[in-house]
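Student: To be precise about what I am sending: the file is called protein_24.cif and holds mmCIF, C-alpha atoms.
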```
data_data
#
loop_
_atom_site.label_atom_id
_atom_site.label_comp_id
_atom_site.auth_asym_id
_atom_site.auth_seq_id
_atom_site.Cartn_x
_atom_site.Cartn_y
_atom_site.Cartn_z
CA MET A 1 0.00 0.00 0.00
CA LYS A 2 2.81 2.34 0.90
CA THR A 3 4.54 1.59 -2.42
CA LEU A 4 1.34 2.40 -4.30
CA PHE A 5 0.91 5.68 -2.45
CA VAL A 6 4.52 6.82 -2.85
CA ASN A 7 4.47 6.14 -6.59
CA THR A 8 1.06 7.54 -7.46
CA ARG A 9 1.35 10.76 -5.48
CA TYR A 10 3.60 12.17 -8.20
CA LEU A 11 0.83 11.81 -10.80
CA ILE A 12 -0.79 15.19 -10.10
CA VAL A 13 0.78 16.85 -13.17
CA PRO A 14 0.07 13.98 -15.60
CA VAL A 15 -3.59 13.91 -14.52
CA MET A 16 -3.98 17.71 -14.65
CA SER A 17 -2.18 17.90 -18.02
CA ILE A 18 -4.59 15.34 -19.48
CA ILE A 19 -7.57 17.28 -18.07
CA THR A 20 -6.14 20.42 -19.71
CA ILE A 21 -5.92 18.59 -23.05
CA LEU A 22 -9.51 17.34 -22.69
CA GLY A 23 -10.54 20.91 -21.93
CA LEU A 24 -8.90 22.12 -25.14
CA ILE A 25 -10.58 19.37 -27.14
CA SER A 26 -13.94 19.93 -25.48
CA GLY A 27 -13.90 23.63 -26.33
CA GLY A 28 -16.09 26.48 -25.13
CA ILE A 29 -15.24 27.69 -21.65
CA ASN A 30 -13.53 24.33 -20.95
CA VAL A 31 -10.40 25.55 -22.76
CA TRP A 32 -9.70 27.56 -19.59
CA ALA A 33 -9.39 24.30 -17.59
CA GLY A 34 -5.59 24.58 -17.54
CA VAL A 35 -5.76 28.10 -16.06
CA ALA A 36 -8.33 26.96 -13.49
CA LEU A 37 -6.23 23.94 -12.47
CA PHE A 38 -3.18 26.16 -12.10
CA GLY A 39 -5.21 28.47 -9.84
CA ILE A 40 -6.59 25.57 -7.80
CA SER A 41 -3.07 24.22 -7.40
CA ALA A 42 -1.91 27.61 -6.09
CA ILE A 43 -4.72 27.60 -3.51
CA VAL A 44 -4.03 24.02 -2.36
CA ASP A 45 -0.30 24.72 -2.22
CA THR A 46 -0.83 27.81 -0.08
CA ALA A 47 -3.31 26.03 2.20
CA THR A 48 -0.90 23.15 2.83
CA LYS A 49 2.28 25.21 3.09
CA ASN A 50 2.97 24.10 6.65
CA ILE A 51 2.93 20.37 5.91
CA HIS A 52 6.42 19.09 5.24
CA LEU A 53 7.10 15.38 4.83
CA ARG A 54 10.33 13.42 4.60
CA ALA A 55 11.26 11.02 1.79
CA ASP A 56 9.88 7.51 2.36
CA PHE A 57 12.17 4.55 2.94
CA ASP A 58 11.42 1.11 4.35
CA GLU A 59 13.06 -0.29 7.50
CA GLU A 60 16.10 -1.38 5.51
CA GLY A 61 16.54 2.05 4.03
CA ASN A 62 15.27 1.17 0.55
CA SER A 63 13.10 3.65 -1.31
CA TYR A 64 9.48 2.79 -2.08
CA GLY A 65 9.88 4.44 -5.49
CA ILE A 66 9.65 2.10 -8.49
CA LYS A 67 12.17 3.32 -11.04
CA ILE A 68 10.62 1.66 -14.08
CA PHE A 69 7.20 3.13 -13.27
CA GLN A 70 8.48 6.66 -12.66
CA TYR A 71 10.58 6.59 -15.82
CA ALA A 72 7.66 5.24 -17.86
CA VAL A 73 5.54 8.15 -16.64
CA MET A 74 8.26 10.68 -17.50
CA TYR A 75 8.76 9.25 -20.99
CA LEU A 76 4.99 9.15 -21.57
CA MET A 77 4.79 12.80 -20.59
CA LEU A 78 6.59 13.63 -23.84
CA ILE A 79 3.56 12.22 -25.68
CA VAL A 80 1.21 14.14 -23.36
CA PHE A 81 2.99 17.43 -24.07
CA VAL A 82 2.93 16.74 -27.81
CA ALA A 83 -0.82 16.05 -27.49
CA LEU A 84 -1.21 19.34 -25.63
CA GLN A 85 0.30 21.23 -28.56
CA LEU A 86 -1.76 19.25 -31.08
CA ALA A 87 -4.97 20.10 -29.21
CA LEU A 88 -4.04 23.79 -29.25
CA VAL A 89 -3.12 23.62 -32.96
CA TRP A 90 -6.53 22.11 -33.69
CA ARG A 91 -8.21 25.06 -31.94
CA ILE A 92 -6.04 27.58 -33.83
CA TYR A 93 -6.95 25.87 -37.10
CA GLN A 94 -10.65 26.26 -36.26
CA TYR A 95 -10.23 29.88 -35.22
CA VAL A 96 -8.42 30.88 -38.42
CA ASN A 97 -10.92 28.95 -40.55
CA GLY A 98 -13.84 30.58 -38.75
CA SER A 99 -15.35 27.14 -38.07
CA PRO A 100 -19.05 27.29 -37.16
CA PHE A 101 -20.10 26.67 -33.56
CA ASP A 102 -21.62 23.25 -33.16
CA LEU A 103 -21.89 20.52 -30.53
CA TYR A 104 -20.77 16.91 -30.94
CA SER A 105 -20.38 13.98 -28.58
CA PHE A 106 -17.36 11.73 -28.78
CA TYR A 107 -17.15 8.80 -26.33
CA GLY A 108 -19.11 10.82 -23.77
CA LEU A 109 -17.03 13.97 -24.23
CA THR A 110 -19.03 16.93 -25.49
CA ILE A 111 -17.05 18.80 -28.10
CA GLN A 112 -17.88 22.32 -29.21
CA THR A 113 -16.40 23.18 -32.58
CA GLY A 114 -15.45 26.77 -33.36
CA ILE A 115 -13.76 29.06 -30.87
CA THR A 116 -14.03 32.73 -29.88
CA THR A 117 -11.02 35.05 -29.58
CA THR A 118 -11.37 35.15 -25.79
CA ASN A 119 -11.44 31.37 -25.55
CA LEU A 120 -8.49 31.06 -27.93
CA ILE A 121 -6.50 33.27 -25.55
CA GLY A 122 -7.60 30.98 -22.71
CA ALA A 123 -6.52 27.92 -24.71
CA ILE A 124 -3.08 29.44 -25.36
CA ILE A 125 -2.57 30.37 -21.69
CA SER A 126 -3.77 26.93 -20.54
CA ALA A 127 -1.42 25.16 -22.94
CA GLY A 128 1.47 27.48 -22.08
CA LEU A 129 1.10 26.97 -18.33
CA TRP A 130 1.14 23.18 -18.65
CA ALA A 131 3.83 23.08 -21.33
CA GLY A 132 5.91 25.06 -18.84
CA ILE A 133 5.26 22.48 -16.14
CA GLY A 134 6.85 19.98 -18.55
CA ILE A 135 10.21 21.30 -17.43
CA ILE A 136 9.99 19.21 -14.26
CA TYR A 137 10.37 16.11 -16.44
CA GLY A 138 12.89 17.78 -18.75
CA HIS A 139 14.89 18.65 -15.65
CA GLU A 140 14.76 15.21 -14.03
CA LEU A 141 15.66 13.43 -17.26
CA SER A 142 18.55 15.82 -17.98
CA HIS A 143 20.38 14.02 -15.19
CA ASN A 144 19.98 10.68 -16.92
CA LYS A 145 23.01 9.63 -18.91
CA LYS A 146 21.12 7.31 -21.26
CA GLU A 147 18.02 7.79 -23.44
CA GLY A 148 16.42 9.94 -20.75
CA PHE A 149 18.79 12.76 -21.69
CA PHE A 150 17.49 12.69 -25.25
CA ILE A 151 13.86 12.62 -24.07
CA SER A 152 14.70 15.64 -21.92
CA ARG A 153 15.99 17.46 -25.01
CA LEU A 154 12.76 16.66 -26.86
CA ILE A 155 10.52 17.77 -23.98
CA MET A 156 12.44 21.03 -23.63
CA SER A 157 12.39 21.59 -27.40
CA LEU A 158 8.60 21.81 -27.24
CA SER A 159 9.20 25.08 -25.40
CA GLY A 160 12.13 26.16 -27.59
CA ALA A 161 14.59 25.51 -24.76
CA SER A 162 16.45 22.38 -25.76
CA HIS A 163 19.73 24.03 -24.75
CA PHE A 164 18.56 23.70 -21.12
CA THR A 165 19.48 20.02 -20.95
CA TYR A 166 23.20 20.71 -21.51
CA ALA A 167 23.34 24.03 -19.70
CA HIS A 168 21.58 22.69 -16.62
CA VAL A 169 23.97 19.80 -16.08
CA TYR A 170 27.25 21.27 -17.33
CA GLN A 171 26.82 24.90 -16.31
CA HIS A 172 24.21 25.38 -13.61
CA HIS A 173 25.25 22.42 -11.49
CA LEU A 174 28.93 23.36 -11.68
CA HIS A 175 28.68 27.12 -11.21
CA LEU A 176 25.58 27.81 -9.13
CA GLY A 177 25.81 30.62 -6.61
CA HIS A 178 28.30 32.42 -8.87
CA GLU A 179 27.89 34.86 -11.75
CA ASN A 180 29.22 32.20 -14.13
CA ASP A 181 25.81 30.56 -13.72
CA PRO A 182 23.14 32.65 -15.46
CA ALA A 183 20.44 30.54 -13.80
CA THR A 184 21.42 31.90 -10.36
CA ALA A 185 19.77 35.27 -9.77
CA PRO A 186 21.88 37.81 -7.86
CA ARG A 187 20.29 39.92 -5.14
CA GLY A 188 18.44 42.84 -6.72
CA ARG A 189 17.39 41.16 -9.97
CA ASN A 190 13.67 40.65 -10.63
CA VAL A 191 12.07 37.53 -12.11
CA TYR A 192 11.24 39.24 -15.42
CA MET A 193 14.81 40.33 -16.14
CA HIS A 194 16.02 36.96 -14.86
CA THR A 195 13.83 35.10 -17.34
CA TRP A 196 15.58 36.68 -20.31
CA LEU A 197 19.10 36.69 -18.85
CA SER A 198 18.91 33.10 -17.64
CA HIS A 199 17.43 31.86 -20.91
CA ALA A 200 19.95 33.75 -23.06
CA GLY A 201 22.85 32.88 -20.76
CA GLN A 202 22.14 29.16 -20.86
CA CYS A 203 21.59 29.30 -24.61
CA LYS A 204 24.94 31.11 -24.99
CA PHE A 205 26.65 28.45 -22.91
CA SER A 206 25.36 25.76 -25.27
CA TYR A 207 26.38 27.88 -28.30
CA ASP A 208 29.89 28.50 -26.94
CA LEU A 209 30.26 24.85 -25.95
CA GLU A 210 29.49 23.67 -29.46
CA THR A 211 31.60 26.37 -31.12
CA SER A 212 34.62 25.28 -29.14
CA ARG A 213 33.92 21.51 -29.39
CA LEU A 214 33.47 21.58 -33.17
CA LYS A 215 36.53 23.78 -33.62
CA LYS A 216 38.64 21.23 -31.72
CA LYS A 217 37.26 18.47 -33.94
CA GLY A 218 38.00 20.54 -37.05
CA LYS A 219 34.33 20.56 -38.03
CA SER A 220 32.22 23.40 -39.34
CA PHE A 221 29.87 25.18 -36.93
CA LEU A 222 27.12 24.75 -39.50
CA SER A 223 26.79 21.03 -39.11
CA LEU A 224 24.27 18.49 -37.84
CA ASP A 225 26.92 17.54 -35.27
CA ASN A 226 26.22 20.92 -33.70
CA ARG A 227 24.02 20.14 -30.69
CA TRP A 228 22.99 23.79 -30.32
CA ILE A 229 21.60 23.76 -33.87
CA LEU A 230 20.19 20.27 -33.40
CA GLY A 231 18.34 21.39 -30.27
CA TYR A 232 16.57 24.09 -32.25
CA LEU A 233 15.83 21.66 -35.09
CA TYR A 234 13.92 19.51 -32.59
CA SER A 235 11.57 22.50 -32.26
CA LEU A 236 10.96 22.70 -36.01
CA PRO A 237 7.97 20.26 -36.15
CA SER A 238 6.16 22.44 -33.58
CA ILE A 239 6.88 25.62 -35.53
CA VAL A 240 5.77 24.11 -38.86
CA LEU A 241 2.57 22.81 -37.28
CA PHE A 242 1.64 26.18 -35.76
CA VAL A 243 2.51 27.99 -39.02
CA TRP A 244 0.39 25.56 -41.03
CA ALA A 245 -2.57 25.77 -38.66
CA GLY A 246 -2.73 29.49 -38.19
CA GLY A 247 -0.18 31.47 -40.17
CA PHE A 248 0.52 34.66 -38.22
CA VAL A 249 -1.99 33.70 -35.50
CA GLY A 250 -0.28 30.32 -35.14
CA VAL A 251 3.16 31.92 -34.83
CA ALA A 252 1.86 34.40 -32.24
CA ALA A 253 0.27 31.51 -30.31
CA LEU A 254 3.48 29.44 -30.32
CA LEU A 255 5.52 32.47 -29.30
CA SER A 256 3.13 33.09 -26.39
CA LEU A 257 3.32 29.43 -25.38
CA TRP A 258 7.13 29.52 -25.41
CA VAL A 259 7.22 32.77 -23.41
CA ILE A 260 4.86 31.41 -20.73
CA ALA A 261 6.69 28.06 -20.53
CA ASN A 262 10.14 29.66 -20.32
CA PHE A 263 8.91 32.16 -17.75
CA GLU A 264 7.89 29.24 -15.54
CA LEU A 265 11.21 27.48 -16.10
CA GLU A 266 13.26 30.54 -15.22
CA ALA A 267 10.99 31.41 -12.29
CA LEU A 268 11.88 28.01 -10.83
CA ASN A 269 15.59 28.75 -11.30
CA PHE A 270 15.00 32.20 -9.81
CA MET A 271 13.31 30.81 -6.70
CA GLY A 272 15.79 27.97 -6.33
CA HIS A 273 18.90 30.10 -5.82
CA TYR A 274 17.93 33.77 -5.48
CA GLY A 275 20.61 35.79 -3.74
CA LEU A 276 22.70 32.83 -2.61
CA ILE A 277 26.43 33.14 -2.99
CA ARG A 278 29.24 30.65 -3.40
CA GLU A 279 32.92 31.43 -3.62
CA LYS A 280 34.37 30.50 -6.98
CA ASN A 281 35.94 27.00 -7.05
CA LYS A 282 34.52 26.10 -3.62
CA PRO A 283 32.30 22.99 -3.42
CA VAL A 284 28.54 23.19 -3.84
CA GLU A 285 26.90 22.66 -0.47
CA HIS A 286 23.33 22.35 0.79
CA LYS A 287 23.39 26.01 1.79
CA HIS A 288 23.67 27.13 -1.86
CA SER A 289 20.05 26.30 -2.73
CA TRP A 290 16.65 27.21 -1.36
CA ASP A 291 14.41 24.29 -0.51
CA ASN A 292 10.67 24.38 -1.24
CA ASP A 293 9.30 21.13 0.03
CA SER A 294 5.82 21.72 1.38
CA VAL A 295 3.71 18.67 0.63
CA PHE A 296 1.83 19.84 -2.48
CA THR A 297 4.91 21.43 -4.04
CA ASP A 298 6.85 18.22 -3.38
CA TRP A 299 4.34 15.94 -5.06
CA PHE A 300 3.32 18.31 -7.85
CA PHE A 301 6.84 19.29 -8.91
CA ILE A 302 8.22 15.74 -8.42
CA ALA A 303 10.47 16.92 -5.58
CA ILE A 304 12.29 19.50 -7.72
CA GLY A 305 11.99 21.78 -4.68
CA ARG A 306 14.42 19.62 -2.71
CA GLN A 307 17.15 21.68 -4.35
CA ALA A 308 19.67 21.47 -1.51
CA ASP A 309 19.85 17.68 -1.66
CA HIS A 310 19.55 17.62 -5.46
CA HIS A 311 22.54 19.92 -6.00
CA VAL A 312 24.79 17.85 -3.78
CA ARG A 313 23.53 14.48 -5.09
CA GLY A 314 22.64 15.39 -8.68
CA GLU A 315 22.23 11.80 -9.87
CA THR A 316 19.76 10.87 -7.14
CA TYR A 317 16.23 9.99 -8.28
CA PHE A 318 13.64 12.58 -7.32
CA TRP A 319 11.67 10.17 -5.11
CA GLU A 320 14.78 9.63 -2.95
CA LEU A 321 15.59 13.31 -2.38
CA ASP A 322 15.11 14.39 1.21
CA ASP A 323 15.05 17.36 3.53
CA VAL A 324 18.70 18.01 4.37
CA LYS A 325 18.02 21.07 6.53
CA GLY A 326 19.23 23.51 3.90
CA PRO A 327 17.86 27.05 3.63
CA ASN A 328 14.09 26.78 3.30
CA TYR A 329 11.48 29.36 2.35
CA GLY A 330 8.92 27.44 4.37
CA ILE A 331 6.26 27.90 1.69
CA GLY A 332 5.53 26.13 -1.59
CA TYR A 333 6.49 27.12 -5.13
CA PHE A 334 3.03 28.32 -6.11
CA SER A 335 2.80 30.70 -3.15
CA LEU A 336 6.34 31.95 -3.73
CA PHE A 337 5.76 32.26 -7.47
CA LEU A 338 2.87 34.65 -6.85
CA ILE A 339 5.13 36.75 -4.61
CA THR A 340 7.91 36.86 -7.23
CA LEU A 341 5.46 38.38 -9.73
CA VAL A 342 5.53 41.59 -7.66
CA PRO A 343 9.27 42.44 -7.37
CA PRO A 344 9.01 44.99 -4.49
CA LEU A 345 6.96 42.49 -2.49
CA PHE A 346 9.45 39.73 -3.28
CA ARG A 347 12.44 41.82 -2.19
CA SER A 348 10.68 42.70 1.03
CA TYR A 349 9.80 39.03 1.61
CA MET A 350 13.37 37.94 0.90
CA LYS A 351 14.98 40.39 3.32
CA LYS A 352 14.44 38.19 6.40
CA HIS A 353 15.41 35.03 4.54
CA LEU A 354 18.63 36.52 3.15
CA ASP A 355 19.55 38.06 6.51
CA ASN A 356 19.03 34.65 8.06
CA TRP A 357 21.16 33.01 5.36
CA ASP A 358 23.95 35.55 5.83
CA GLN A 359 24.00 34.92 9.58
CA LYS A 360 23.47 31.17 9.79
CA TYR A 361 24.77 29.65 6.57
CA ALA A 362 27.29 31.98 4.88
CA ASN A 363 31.01 31.84 5.59
CA GLU A 364 33.03 34.99 6.04
CA LYS A 365 33.90 35.42 2.36
CA GLU A 366 30.31 34.77 1.23
CA ARG A 367 29.08 37.30 3.79
CA GLU A 368 31.58 39.83 2.47
CA ILE A 369 30.32 39.36 -1.11
CA ALA A 370 26.70 39.49 0.07
CA SER A 371 27.31 42.81 1.81
CA GLN A 372 27.93 44.46 -1.59
CA TYR A 373 24.38 43.73 -2.73
CA GLY A 374 20.92 44.75 -1.57
CA TYR A 375 17.98 42.36 -1.40
CA MET B 1 28.13 51.45 -28.80
CA LYS B 2 30.24 48.33 -28.14
CA ASN B 3 28.35 45.84 -25.94
CA SER B 4 25.33 48.11 -26.19
CA ALA B 5 21.92 46.66 -25.38
CA PHE B 6 20.41 49.26 -27.72
CA LEU B 7 22.62 48.12 -30.61
CA ALA B 8 21.64 44.49 -30.00
CA PHE B 9 17.97 45.45 -29.90
CA LEU B 10 18.34 47.52 -33.08
CA LEU B 11 20.08 44.75 -35.04
CA VAL B 12 17.63 42.08 -33.86
CA THR B 13 14.66 44.30 -34.79
CA LEU B 14 16.20 45.13 -38.16
CA TRP B 15 16.95 41.49 -39.03
CA THR B 16 13.51 40.28 -37.90
CA SER B 17 11.80 43.06 -39.85
CA ILE B 18 13.73 42.24 -43.03
CA VAL B 19 12.72 38.58 -42.74
CA GLY B 20 9.10 39.47 -41.93
CA LEU B 21 8.80 41.88 -44.84
CA SER B 22 10.44 39.38 -47.20
CA LEU B 23 7.95 36.71 -46.17
CA TYR B 24 5.13 39.16 -46.81
CA TYR B 25 6.62 40.21 -50.16
CA PHE B 26 6.66 36.57 -51.27
CA ASP B 27 3.02 36.11 -50.15
CA ALA B 28 3.88 33.66 -47.38
CA HIS B 29 0.70 34.78 -45.59
CA LEU B 30 -1.35 33.45 -48.50
CA HIS B 31 0.35 30.07 -48.84
CA TYR B 32 1.02 28.88 -45.28
CA ARG B 33 -1.59 26.09 -45.57
CA GLU B 34 0.48 24.38 -48.28
CA LEU B 35 2.78 21.93 -46.51
CA ASN B 36 5.94 22.85 -48.43
CA TRP B 37 5.32 26.50 -47.71
CA ALA B 38 4.65 25.76 -44.04
CA ILE B 39 7.95 23.87 -43.77
CA LEU B 40 9.80 26.69 -45.57
CA ILE B 41 8.22 29.43 -43.44
CA GLY B 42 8.81 27.45 -40.24
CA SER B 43 12.47 26.89 -41.16
CA ILE B 44 12.96 30.58 -42.00
CA LEU B 45 11.40 31.63 -38.67
CA LEU B 46 13.59 29.18 -36.75
CA ILE B 47 16.74 30.42 -38.50
CA THR B 48 15.65 34.01 -37.84
CA HIS B 49 15.37 33.24 -34.13
CA MET B 50 18.76 31.50 -34.06
CA VAL B 51 20.43 34.39 -35.88
CA ASN B 52 18.80 36.80 -33.41
CA MET B 53 20.31 34.86 -30.51
CA VAL B 54 23.75 34.92 -32.17
CA ILE B 55 23.46 38.68 -32.80
CA TYR B 56 22.69 39.13 -29.10
CA PHE B 57 25.65 36.94 -28.04
CA LYS B 58 28.07 38.72 -30.40
CA VAL B 59 27.03 42.26 -29.51
CA ARG B 60 26.57 41.83 -25.77
CA GLY B 61 29.21 39.19 -25.01
CA ASP B 62 29.21 38.07 -21.36
CA ARG B 63 28.35 41.52 -20.02
CA PRO B 64 24.60 40.99 -19.39
CA PHE B 65 25.24 37.96 -17.20
CA LYS B 66 27.66 39.67 -14.80
CA TRP B 67 26.38 40.63 -11.37
CA ASP B 68 28.26 43.90 -11.22
CA LYS B 69 25.28 46.12 -12.03
CA TYR B 70 23.36 44.86 -9.00
CA LYS B 71 26.06 45.94 -6.54
CA ILE B 72 25.04 48.70 -4.18
CA LYS B 73 28.57 49.17 -2.82
CA GLY B 74 32.09 47.98 -3.48
CA GLU B 75 34.18 48.11 -6.61
CA LYS B 76 32.40 47.99 -9.94
CA ILE B 77 34.05 46.91 -13.16
#
```
For this file, produce the structure as structure tokens.

Tutor:
Amino acid sequence: MKTLFVNTRYLIVPVMSIITILGLISGGINVWAGVALFGISAIVDTATKNIHLRADFDEEGNSYGIKIFQYAVMYLMLIVFVALQLALVWRIYQYVNGSPFDLYSFYGLTIQTGITTTNLIGAIISAGLWAGIGIIYGHELSHNKKEGFFISRLIMSLSGASHFTYAHVYQHHLHLGHENDPATAPRGRNVYMHTWLSHAGQCKFSYDLETSRLKKKGKSFLSLDNRWILGYLYSLPSIVLFVWAGGFVGVAALLSLWVIANFELEALNFMGHYGLIREKNKPVEHKHSWDNDSVFTDWFFIAIGRQADHHVRGETYFWELDDVKGPNYGIGYFSLFLITLVPPLFRSYMKKHLDNWDQKYANEKEREIASQYGY
Amino acid sequence: MKNSAFLAFLLVTLWTSIVGLSLYYFDAHLHYRELNWAILIGSILLITHMVNMVIYFKVRGDRPFKWDKYKIKGEKI
């Protein structure tokens, strides 16, 4: 029973993603299902912010997590996220064609053909929000050295961020807490500026990596061996599909979806390390990441909020990550995300947490660097 | 102008506008439902985005990613 519970509790996102797809297919006001589910998740996350659980192990110290099941779910999520885009493309196609409004029933699901401008906006936001959540699988699989890495590239390419898979492992994990890691936000930066700088910085890392690697191999930059180019090519089917379905409207929709998804990705990076400082060439410790492990955040985001443990044991499966008493916001990602949207409020909220970090976690050198920045 | 955010913005806008106007000139907006056209337009848009990123990298270098500008005291570069 315990095994069943531990393994199924991480299915919140798959279930909600499928409901979002059904909402898009169903049409009418149901296309807003993804937005509604995101809102409900924020409420549940805030209401349960004080519940913090530890990772589950049996008496012999073995995890209850079933690797083959969790990996099967993560791989299948690639298909779910493709289906999400297909459902949105179908709605864009109808919008551009001016399809008449009509009702059909398909295996018990009522489908309304045709879509209004307002509902198309809802469909795009719904799809964008849940495409963005796809990063939790892209992130987990980026740490897999086998086919999972490739699946991660494909999942991230659906949001135009295939470079993430390389940059996350070979840049962020090695340089976090330092300006050499664009995914770490220094004190004083807001989430909006961070979204662009972190995205561009990680993309540049991948570009520079390939430029230098191909040069050493004596190969041209313009080659299919170039993994920076290849990453973008993985996004091409999405782009072609949106162009075909809606022309300019389709391109605008895909652009919006990518912006929303990447905003979520970079907001997670922002919250995970904001204002934390590490001396260059010093080891990464638990204190260099913020934990967010309230119960709903932990299950919804497949333990991505256990950043402190994750950054010290990067190859550890998400279901084995635990509370290691690193710096902790004490609230979930949804609650914190809403605070980050208002930069003055976020800075004010962070003041006590950063003061606490400076006093309890930072060494003398880190404190000295921190003193040069605000909040 | 070197490392200028404005220059990067200007070049990216210019390049994107040239591509956009060229697509319009060749009636891409009338043919996007033909699969070959959709593939061609999609490829052009992807290349446009990649070139935009390279323009940004070349003009701005590593400067945008440095933390210096957030310092409220201490030595700035």

Student: Any chance you could tabulate, as a tab-separated table, the residues of segment 230-273 of chain A at most 10 Å from segment 29-49 of chain B with each one's nearest atom pair and distance in Å to one decimal, using only C-alpha atoms, in chain and rising number order?

Tutor:
```
residue	atom	partner	partner_atom	distance
A:Tyr232	CA	B:Leu46	CA	7.4
A:Leu233	CA	B:Leu46	CA	8.0
A:Ser235	CA	B:Leu46	CA	8.3
A:Leu236	CA	B:Gly42	CA	6.7
A:Pro237	CA	B:Gly42	CA	8.3
A:Ser238	CA	B:Gly42	CA	8.7
A:Ile239	CA	B:Gly42	CA	5.4
A:Val240	CA	B:Gly42	CA	4.7
A:Leu241	CA	B:Ala38	CA	7.7
A:Phe242	CA	B:Gly42	CA	8.5
A:Val243	CA	B:Ala38	CA	5.9
A:Trp244	CA	B:Arg33	CA	5.0
A:Ala245	CA	B:Arg33	CA	7.0
A:Gly246	CA	B:Tyr32	CA	8.0
A:Gly247	CA	B:Tyr32	CA	5.9
A:Phe248	CA	B:His29	CA	7.4
A:Val251	CA	B:Gly42	CA	9.0
```

Student: On this structure, which residues satisfy the PyMOL selection byres ((chain A and resi 85) around 9), written as a list of chain:residue names?

Tutor: A:Ile21, A:Val80, A:Phe81, A:Val82, A:Ala83, A:Leu84, A:Leu86, A:Ala87, A:Leu88, A:Val89, A:Trp90, A:Ala127, A:Ala131, A:Leu158, A:Ser238, A:Phe242, A:Leu254

Student: Check which residues satisfy the PyMOL selection byres ((chain B and resi 72) around 12) in the file shown, then give them as an MDAnalysis selection string.

Tutor: (chainID A and resid 186:188 369:375) or (chainID B and resid 67:71 73:76)

Student: Please produce a file of the residues just selected, as a JSON list (two decimals), keeping the file's coordinate frame, where the atoms kept are C-alpha atoms.

Tutor:
```json
[["chain", "number", "residue", "atom", "x", "y", "z"],
["A", 186, "PRO", "CA", 21.88, 37.81, -7.86],
["A", 187, "ARG", "CA", 20.29, 39.92, -5.14],
["A", 188, "GLY", "CA", 18.44, 42.84, -6.72],
["A", 369, "ILE", "CA", 30.32, 39.36, -1.11],
["A", 370, "ALA", "CA", 26.70, 39.49, 0.07],
["A", 371, "SER", "CA", 27.31, 42.81, 1.81],
["A", 372, "GLN", "CA", 27.93, 44.46, -1.59],
["A", 373, "TYR", "CA", 24.38, 43.73, -2.73],
["A", 374, "GLY", "CA", 20.92, 44.75, -1.57],
["A", 375, "TYR", "CA", 17.98, 42.36, -1.40],
["B", 67, "TRP", "CA", 26.38, 40.63, -11.37],
["B", 68, "ASP", "CA", 28.26, 43.90, -11.22],
["B", 69, "LYS", "CA", 25.28, 46.12, -12.03],
["B", 70, "TYR", "CA", 23.36, 44.86, -9.00],
["B", 71, "LYS", "CA", 26.06, 45.94, -6.54],
["B", 73, "LYS", "CA", 28.57, 49.17, -2.82],
["B", 74, "GLY", "CA", 32.09, 47.98, -3.48],
["B", 75, "GLU", "CA", 34.18, 48.11, -6.61],
["B", 76, "LYS", "CA", 32.40, 47.99, -9.94]]
```

Student: Of the candidates B:Leu23, B:Ala5, B:Leu10, B:Met53, which shows the shortest atom-to-atom distance to His199 of chain A, using only C-alpha atoms?

Tutor: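 Checking each candidate against His199 of chain A, we get B:Met53 as the closest.
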
Student: So which one's closest to Leu7 of chain B, B:Ile55, B:Tyr24, B:Phe65, B:Val19? Using only C-alpha atoms, please.

Tutor: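 The closest residue to Leu7 of chain B is B:Ile55.
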
Student: Output the residue selection produced by the PyMOL selection byres ((chain A and resi 367) around 12) on the file above, formatted as a list in words.

Tutor: Gly275, Leu276, Ile277, Arg278, Glu279, Leu354, Asp355, Asn356, Trp357, Asp358, Gln359, Lys360, Tyr361, Ala362, Asn363, Glu364, Lys365, Glu366, Glu368, Ile369, Ala370, Ser371, Gln372 and Tyr373 of chain A
